[in-house]
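Here is the structure we will look at, set down as structure tokens.
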Amino acid sequence: MEILSDPSTLSALITALAVAGAAIGFLAGLFGVGGGAISVPIFYEIFGVLGYKPEVAMPLAVGTSLAVIVPTSISSARGHYLKGAVDMALLRIWAVPVLIGVLVGAAIARYADPAVFQAVFIGVAGLNAVKLLTGGKGWRLRDELPERGVLSIYGALIGLVSSLMGIGGGAVSNLAMTLHGVPIHRAVSTAAGVGVLIAIPGTIGYMLAGAGRPDLPPDAIGFVSLATFALTIPTSLLTTRLGVSLAHSLSRRMLETAFGVFLLLVCSRFVWGIVS
């Protein structure tokens, strides 16, 4: 592609991906998210610069984001697990339902309009941002997690929505847990584990969903760009531990506010893209 023959443009793209990787890793550790809330809009912009149409750029950004989330979520989950803050019993309940939801989302991705991905992203992340920034007052369904059957339904919905958003499920699972009285630090830590459950099958699903499309980049396997993945991962793994350490040093209110502001900024970016 002509744009890649310009050394200055190529250098700028590589730098942008390296910086994005650092931000993804840091956010993965800090908020228990896979970093998709920042990687999806950044990847979408980069694929647009490279000349790919929105119907290709958006699912490609989502699928590549899920691939990047695999190593960052594993690193983040391990860090939180070593601090004893991950609810392993809940992760075991969610394992199969989350997988089902992710695969359904990946199947939808093959045919959905780009606006579907953006609308889901704005709706879920925006709702969570408002909850976090208001301190969660009045935002509680009950003081404990529901029975196993309801939790399984939650798991399937978390997998479906996260797959469409291209995130590791941190924002969605965090919302579900805190609505049922789970403390923010435990919710963030457990959400990191959810990222592992979502990212691996999600990546495979998006690879299969885009298989055989002639309008994809030459480096892509389905809706996953291998070049983008390779350029993003090194810096993301370097910064994940920093995020984990900071998360456990912040107060509950500080962590909620920081997460809420972050989600609101990302929502604003997608709203601007739709209306402009």
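As shown in the structure tokens, the chain order sets the letters A, B, ...; within each chain, residues go from 1, and ligands are also counted from 1 in the order they appear.
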**Message:** When you look at region 147-162 of chain A with a cut-off of 9 Å (counting only C-alpha atoms), what residues show up, excluding the ones that are within fewer than 3 positions of it in the same chain? I need them as a ChimeraX atom specification.
**Reply:** /A:90,93-106,120-121,124,165-173,176,194,197-198,202
Compile the contact shell of Leu238 (chain A) as a list in words: residues with an atom at most 12 Å away, counting only C-alpha atoms, same-chain residues fewer than 6 positions apart removed.
Ala18, Val19, Gly21, Ala22, Ala23, Ile24, Gly25, Phe26, Leu27, Ala28, Gly29, Pro71, Thr72, Ser75, Ser76, Thr232 and Val244 of chain A
Could you take the residues named above and write them with C-alpha atoms, as a PDB file, in the first residue's frame?
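What landed in result.pdb:
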ATOM      1  CA  ALA A  18       3.962   1.226  20.549  1.00  0.00           C
ATOM      2  CA  VAL A  19       2.376   3.998  22.636  1.00  0.00           C
ATOM      3  CA  GLY A  21       0.553  -0.929  23.608  1.00  0.00           C
ATOM      4  CA  ALA A  22       1.975   0.827  26.657  1.00  0.00           C
ATOM      5  CA  ALA A  23      -1.425   2.351  27.445  1.00  0.00           C
ATOM      6  CA  ILE A  24      -3.203  -0.977  26.918  1.00  0.00           C
ATOM      7  CA  GLY A  25      -0.895  -2.802  29.328  1.00  0.00           C
ATOM      8  CA  PHE A  26      -1.115  -0.099  31.980  1.00  0.00           C
ATOM      9  CA  LEU A  27      -4.918   0.043  31.811  1.00  0.00           C
ATOM     10  CA  ALA A  28      -5.146  -3.744  31.899  1.00  0.00           C
ATOM     11  CA  GLY A  29      -3.362  -3.755  35.225  1.00  0.00           C
ATOM     12  CA  PRO A  71      -1.250 -11.747  26.796  1.00  0.00           C
ATOM     13  CA  THR A  72      -2.134  -8.526  28.638  1.00  0.00           C
ATOM     14  CA  SER A  75      -0.363 -10.884  32.832  1.00  0.00           C
ATOM     15  CA  SER A  76      -2.904  -8.685  34.619  1.00  0.00           C
ATOM     16  CA  THR A 232       1.619  -3.533  20.178  1.00  0.00           C
ATOM     17  CA  VAL A 244      -1.546  -3.593  38.943  1.00  0.00           C
TER      18      VAL A 244
END
Check your understanding: Can you tell me, as a ChimeraX atom specification, what residues are no more than 10 Å from Arg213 (chain A) when counting only C-alpha atoms, ignoring any on the same chain fewer than 2 positions away?
Key -> /A:56,110,209-211,215-217,221-223
Generate a file of the selected residues that holds C-alpha atoms, formatted as a PDB file, in the first residue's frame.
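Output (out29.pdb):
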ATOM      1  CA  VAL A  56     -13.580  -3.778   7.439  1.00  0.00           C
ATOM      2  CA  ARG A 110     -19.224 -11.101  10.252  1.00  0.00           C
ATOM      3  CA  ALA A 209     -15.515 -14.732  11.123  1.00  0.00           C
ATOM      4  CA  GLY A 210     -13.263 -12.879   8.682  1.00  0.00           C
ATOM      5  CA  ALA A 211     -11.850 -15.924   6.939  1.00  0.00           C
ATOM      6  CA  ASP A 215     -10.685  -6.945   1.341  1.00  0.00           C
ATOM      7  CA  LEU A 216      -8.532  -7.634   4.416  1.00  0.00           C
ATOM      8  CA  PRO A 217      -4.854  -6.617   4.892  1.00  0.00           C
ATOM      9  CA  ILE A 221      -5.855 -13.888   9.620  1.00  0.00           C
ATOM     10  CA  GLY A 222      -9.562 -13.202   9.421  1.00  0.00           C
ATOM     11  CA  PHE A 223     -10.318 -10.072  11.439  1.00  0.00           C
TER      12      PHE A 223
END
As a count of residues only, which residues of region 206-268 of chain A does DSSP assign to strand (DSSP E or B)?
4
Neighbouring residues of Trp139 (chain A) were defined as those with any atom within 12 Å, considering only C-alpha atoms; residues of the same chain fewer than 6 positions away were excluded. Please report them as a compact mmCIF listing (two decimals) with N, CA and C atoms, in the first residue's frame.
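Contents of selection_31.txt, as written:
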# COMPACT_ATOMS: atom_id res chain seq x y z
N LEU A 127 -22.78 3.77 30.47
CA LEU A 127 -23.55 3.42 31.66
C LEU A 127 -22.63 3.16 32.85
N ASN A 128 -21.58 2.42 32.60
CA ASN A 128 -20.63 2.11 33.67
C ASN A 128 -19.92 3.38 34.15
N ALA A 129 -19.58 4.28 33.23
CA ALA A 129 -18.90 5.52 33.60
C ALA A 129 -19.77 6.36 34.54
N VAL A 130 -21.05 6.49 34.20
CA VAL A 130 -21.96 7.28 35.03
C VAL A 130 -22.06 6.67 36.42
N LYS A 131 -22.16 5.35 36.48
CA LYS A 131 -22.26 4.66 37.78
C LYS A 131 -21.02 4.93 38.64
N LEU A 132 -19.86 4.81 38.03
CA LEU A 132 -18.62 4.98 38.77
C LEU A 132 -18.42 6.42 39.23
N LEU A 133 -18.73 7.38 38.37
CA LEU A 133 -18.51 8.79 38.70
C LEU A 133 -19.50 9.32 39.73
N LEU A 175 -19.20 -3.87 36.07
CA LEU A 175 -20.53 -3.33 36.30
C LEU A 175 -21.43 -4.37 36.96
N ALA A 176 -21.42 -5.60 36.44
CA ALA A 176 -22.26 -6.66 36.99
C ALA A 176 -21.93 -6.95 38.45
N MET A 177 -20.64 -7.00 38.76
CA MET A 177 -20.23 -7.35 40.13
C MET A 177 -20.53 -6.23 41.11
N THR A 178 -20.21 -4.98 40.75
CA THR A 178 -20.42 -3.88 41.69
C THR A 178 -21.91 -3.59 41.90
N LEU A 179 -22.75 -3.92 40.93
CA LEU A 179 -24.19 -3.79 41.12
C LEU A 179 -24.71 -4.77 42.17
N HIS A 180 -23.89 -5.76 42.49
CA HIS A 180 -24.28 -6.77 43.49
C HIS A 180 -23.36 -6.72 44.71
N GLY A 181 -22.83 -5.55 44.99
CA GLY A 181 -22.13 -5.34 46.24
C GLY A 181 -20.69 -5.82 46.32
With distances taken over only C-alpha atoms, the candidate from A:Leu145, A:Val70, A:Met207, A:Val40 nearest Ala109 (chain A) is A:Met207
Expressed in Å to a single decimal, how great is the separation between CA of Val188 (chain A) and CA of Val116 (chain A)?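 Separating CA of Val188 (chain A) from CA of Val116 (chain A) is a distance of 26.5 Å.
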Pairwise distance for CA of Pro234 (chain A) and CA of Ser73 (chain A), rounded to one decimal in Å: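 So the answer is 13.8 Å.
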